[in-house]
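Shown here: upload05.txt, compact mmCIF, C-alpha atoms.
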```txt
# COMPACT_ATOMS: atom_id res chain seq x y z
CA MET D 1068 -11.67 9.11 6.74
CA SER D 1069 -9.14 11.82 6.31
CA GLY D 1070 -8.29 14.49 8.78
CA ALA D 1071 -5.84 17.36 8.76
CA GLN D 1072 -3.10 17.53 6.18
CA VAL D 1073 0.11 19.52 6.34
CA SER D 1074 0.81 21.08 2.98
CA GLY D 1075 4.12 21.00 1.18
CA ALA D 1076 6.10 18.78 -1.13
CA ASN D 1077 6.39 16.03 1.48
CA SER D 1078 2.93 16.25 2.98
CA LEU D 1079 2.00 14.47 6.15
CA SER D 1080 -1.60 13.50 6.74
CA LEU D 1081 -3.34 12.79 10.01
CA ASP D 1082 -6.03 10.14 9.61
CA ARG D 1083 -8.77 9.14 12.01
CA HIS D 1084 -9.43 5.47 12.64
CA PRO D 1085 -13.01 4.86 11.44
CA SER D 1086 -14.11 2.78 14.46
CA ALA D 1087 -12.41 4.58 17.34
CA HIS D 1088 -11.07 7.85 18.63
CA HIS D 1089 -7.55 7.11 17.48
CA TYR D 1090 -5.42 9.03 15.02
CA TRP D 1091 -2.29 7.98 13.20
CA PHE D 1092 0.16 9.68 10.90
CA ASN D 1093 0.66 8.61 7.32
CA TRP D 1094 4.28 9.47 6.67
CA PRO D 1095 5.37 9.87 3.05
CA GLU D 1096 7.39 6.86 1.88
CA GLU D 1097 10.58 8.89 1.41
CA LYS D 1098 10.40 10.03 5.06
CA LYS D 1099 10.36 6.48 6.44
CA ILE D 1100 13.83 5.83 7.78
CA ILE D 1101 13.46 2.21 8.87
CA LYS D 1102 12.05 -0.39 6.50
CA PHE D 1103 12.27 -3.35 8.89
CA PHE D 1104 13.71 -4.42 12.24
CA LEU D 1105 14.81 -8.00 12.96
CA MET D 1106 16.19 -9.85 15.98
CA VAL D 1107 17.79 -13.14 15.02
CA ASN D 1108 19.81 -15.75 16.91
CA LYS D 1109 23.06 -17.33 15.67
CA GLN D 1110 21.13 -20.29 14.26
CA GLY D 1111 19.23 -17.92 11.97
CA GLN D 1112 15.90 -18.14 13.83
CA THR D 1113 13.94 -14.92 13.82
CA ARG D 1114 12.94 -13.90 17.34
CA LEU D 1115 11.31 -10.58 16.43
CA SER D 1116 10.40 -8.97 13.14
CA LYS D 1117 8.72 -5.65 12.52
CA TYR D 1118 8.05 -4.20 9.07
CA TYR D 1119 7.31 -0.53 8.51
CA GLU D 1120 6.13 -0.88 4.94
CA HIS D 1121 3.93 -3.49 3.33
CA VAL D 1122 5.71 -6.69 2.36
CA GLU D 1123 3.79 -9.81 1.34
CA ILE D 1124 4.13 -12.72 3.79
CA ASN D 1125 5.95 -15.01 1.34
CA LYS D 1126 8.37 -12.20 0.46
CA CYS D 1127 8.98 -11.52 4.18
CA THR D 1128 10.22 -15.06 4.65
CA LEU D 1129 12.51 -14.82 1.63
CA LEU D 1130 13.75 -11.37 2.66
CA GLU D 1131 14.50 -12.53 6.21
CA THR D 1132 16.31 -15.64 4.96
CA GLU D 1133 18.52 -13.64 2.60
CA VAL D 1134 19.19 -10.83 5.08
CA ILE D 1135 20.04 -13.24 7.89
CA LYS D 1136 22.32 -15.25 5.63
CA SER D 1137 24.04 -12.06 4.49
CA CYS D 1138 24.68 -10.80 8.03
CA LEU D 1139 25.56 -14.11 9.70
CA SER D 1140 28.07 -14.98 6.98
CA ARG D 1141 30.13 -11.83 7.63
CA SER D 1142 33.17 -12.05 9.89
CA ASN D 1143 33.67 -9.97 13.04
CA GLU D 1144 36.37 -7.98 11.24
CA GLN D 1145 33.95 -6.79 8.57
CA CYS D 1146 31.94 -3.60 8.85
CA SER D 1147 28.43 -3.86 10.35
CA PHE D 1148 26.94 -1.94 7.43
CA THR D 1149 26.22 -3.62 4.12
CA GLU D 1150 24.08 -2.98 1.09
CA TYR D 1151 21.24 -5.27 0.13
CA LYS D 1152 19.14 -4.64 -2.98
CA ASP D 1153 17.89 -1.04 -2.76
CA PHE D 1154 18.58 -0.44 0.93
CA LYS D 1155 21.25 -0.73 3.61
CA LEU D 1156 21.51 -3.27 6.40
CA ILE D 1157 22.90 -2.14 9.72
CA TYR D 1158 23.42 -4.86 12.32
CA ARG D 1159 24.96 -5.45 15.73
CA GLN D 1160 25.64 -8.65 17.59
CA TYR D 1161 24.86 -8.98 21.29
CA ALA D 1162 25.90 -12.40 22.66
CA ALA D 1163 23.88 -14.91 20.62
CA LEU D 1164 21.51 -12.32 19.10
CA PHE D 1165 21.86 -10.18 16.00
CA ILE D 1166 19.76 -7.08 15.53
CA VAL D 1167 19.38 -6.16 11.88
CA VAL D 1168 17.77 -2.94 10.66
CA GLY D 1169 16.98 -2.27 7.01
CA VAL D 1170 17.04 1.43 6.09
CA ASN D 1171 16.89 3.75 3.09
CA ASP D 1172 20.12 3.97 1.15
CA THR D 1173 20.51 7.64 2.17
CA GLU D 1174 20.26 7.07 5.91
CA ASN D 1175 23.13 7.70 8.34
CA GLU D 1176 24.52 4.30 9.32
CA MET D 1177 26.07 5.45 12.59
CA ALA D 1178 22.78 6.95 13.78
CA ILE D 1179 21.00 3.61 13.22
CA TYR D 1180 23.93 1.73 14.77
CA GLU D 1181 23.53 3.86 17.91
CA PHE D 1182 19.74 3.43 17.78
CA ILE D 1183 20.24 -0.35 17.92
CA HIS D 1184 22.49 0.04 20.96
CA ASN D 1185 19.96 2.34 22.63
CA PHE D 1186 17.22 -0.26 22.01
CA VAL D 1187 19.34 -2.95 23.69
CA GLU D 1188 20.09 -0.64 26.63
CA VAL D 1189 16.36 -0.05 27.11
CA LEU D 1190 15.78 -3.83 27.06
CA ASP D 1191 18.62 -4.25 29.58
CA ASP D 1192 17.05 -1.64 31.85
CA TYR D 1193 13.67 -3.34 31.72
CA PHE D 1194 14.75 -6.99 31.92
CA SER D 1195 17.92 -6.53 34.02
CA ARG D 1196 20.39 -7.96 31.49
CA VAL D 1197 18.17 -9.07 28.64
CA SER D 1198 18.59 -12.54 27.15
CA GLU D 1199 17.13 -14.40 24.20
CA LEU D 1200 14.69 -16.15 26.57
CA ASP D 1201 13.45 -12.79 27.87
CA ILE D 1202 12.65 -11.81 24.30
CA MET D 1203 10.97 -15.12 23.50
CA PHE D 1204 8.75 -15.14 26.59
CA ASN D 1205 8.02 -11.40 26.66
CA LEU D 1206 7.62 -10.66 22.98
CA ASP D 1207 4.66 -8.35 23.64
CA LYS D 1208 6.78 -6.16 25.93
CA VAL D 1209 9.65 -6.09 23.44
CA HIS D 1210 7.22 -5.00 20.70
CA PHE D 1211 5.81 -2.38 23.07
CA ILE D 1212 9.30 -0.97 23.68
CA LEU D 1213 10.08 -0.94 19.96
CA ASP D 1214 6.74 0.74 19.23
CA GLU D 1215 7.56 3.43 21.80
CA MET D 1216 10.83 4.12 19.98
CA VAL D 1217 9.76 3.83 16.34
CA LEU D 1218 6.55 5.15 14.80
CA ASN D 1219 5.80 4.16 11.22
CA GLY D 1220 9.48 3.73 10.37
CA CYS D 1221 10.68 6.94 12.04
CA ILE D 1222 12.62 7.07 15.29
CA VAL D 1223 10.51 9.17 17.64
CA LYS D 1224 11.84 8.49 21.13
CA THR D 1225 15.29 7.66 22.51
CA ASN D 1226 15.07 8.68 26.18
CA ARG D 1227 15.12 5.43 28.18
CA ALA D 1228 13.01 6.70 31.08
CA ARG D 1229 10.31 8.01 28.75
CA ILE D 1230 10.29 4.82 26.70
CA LEU D 1231 9.88 2.61 29.76
CA ALA D 1232 7.42 4.82 31.70
CA PRO D 1233 4.20 3.48 30.08
CA LEU D 1234 5.37 -0.12 30.39
CA LEU D 1235 6.29 0.32 34.06
CA ILE D 1236 2.86 1.85 34.74
CA LEU D 1237 1.19 -1.14 33.09
CA HIS D 1238 3.41 -3.48 35.10
CA LYS D 1239 2.42 -1.74 38.38
CA MET D 1240 -1.27 -1.88 37.45
CA SER D 1241 -1.08 -5.60 36.73
CA ASP D 1242 0.60 -6.23 40.11
CA ASN D 1243 -2.27 -4.54 41.98
```

Can you dump the structure from the file as structure tokens?
Amino acid sequence: MSGAQVSGANSLSLDRHPSAHHYWFNWPEEKKIIKFFLMVNKQGQTRLSKYYEHVEINKCTLLETEVIKSCLSRSNEQCSFTEYKDFKLIYRQYAALFIVVGVNDTENEMAIYEFIHNFVEVLDDYFSRVSELDIMFNLDKVHFILDEMVLNGCIVKTNRARILAPLLILHKMSDN
């Protein structure tokens, strides 16, 4: 079922979920900044993956393998931005974890590089010095934080307090 639509060359439609009172935005493909978000350890094991456009499951595995190999094989002296097929990879290493973000080839690399750092700072605030084990055992919370920051491939929130507020409320409710 379709709802309101904003007119223009790059139209944005607001659709209503057929079985509930939920709405979501259908962003035009060219407006999606982030194609995928990966957290990977030094051994190449994916700890978190989030795709913002449809990729078949067998192609996800191949894509992750190639992307991880590409990033892990680079030295510390090399730039953290690289091109891969028709998009850019921006990555940062934090201890034993790499965060890799695939973006459009026109996207600002430094903005995504800072977004990655902001994401890690939010995780640090929530987990008090986040570790790989925190991510493995609290994957739902990490996804929740990422979903608060990125909507359908677009960065929508960067304020740490506002990102964590819903999660902290849920945490308080579960304690009671």

Check the smallest atom-to-atom distance from each of D:Asp1242, D:Asp1214, D:Glu1120, D:Glu1176 to Glu1150 (chain D) using all atoms listed in the file, then report the winner.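 Looking at the shortest contact to Glu1150 (chain D), the residue is D:Glu1176.
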
For a quick check of your reading of the model, name the residues lying within 12 Å of the coordinate (17.7, 0.7, 20.8), counting all atoms listed in the file, and write them as a ChimeraX atom specification. /D:1104,1106,1158-1159,1166-1168,1178-1192,1209-1210,1212-1217,1222-1227,1230

For the atom pair CA of Arg1229 (chain D) and CA of Val1107 (chain D), what is the interatomic distance in Å to one decimal place? 26.3 Å

Which distance in Å separates CA of Val1122 (chain D) and CA of Ile1101 (chain D), to one decimal? 13.5 Å

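A straight line drawn from CA of Leu1218 (chain D) to CA of His1121 (chain D) is 14.6 Å long.
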
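Among the candidate residues D:Cys1127, D:Leu1234, D:Leu1105, D:Leu1115, the one lying nearest to Leu1206 (chain D) is D:Leu1115, with distances computed using all atoms listed in the file.
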
Top pick for closest residue to Asp1153 (chain D), considering D:Leu1231, D:Asn1171, D:Lys1109, D:Arg1114 and counting only C-alpha atoms: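 So, comparing all the options, the nearest one is D:Asn1171.
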
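Proximity to region 1144-1148 of chain D at 6 Å, evaluated using all atoms listed in the file and with sequence-adjacent residues fewer than 2 positions away removed, yields Ser1142, Leu1156, Ile1157 and Tyr1158 of chain D.
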
Those residues you just picked out, can you put them in a file as a PDB file, in the frame of the given file with C-alpha atoms?
```pdb
ATOM      1  CA  SER D1142      33.170 -12.050   9.890  1.00  0.00           C
ATOM      2  CA  LEU D1156      21.510  -3.270   6.400  1.00  0.00           C
ATOM      3  CA  ILE D1157      22.900  -2.140   9.720  1.00  0.00           C
ATOM      4  CA  TYR D1158      23.420  -4.860  12.320  1.00  0.00           C
TER       5      TYR D1158
END
```
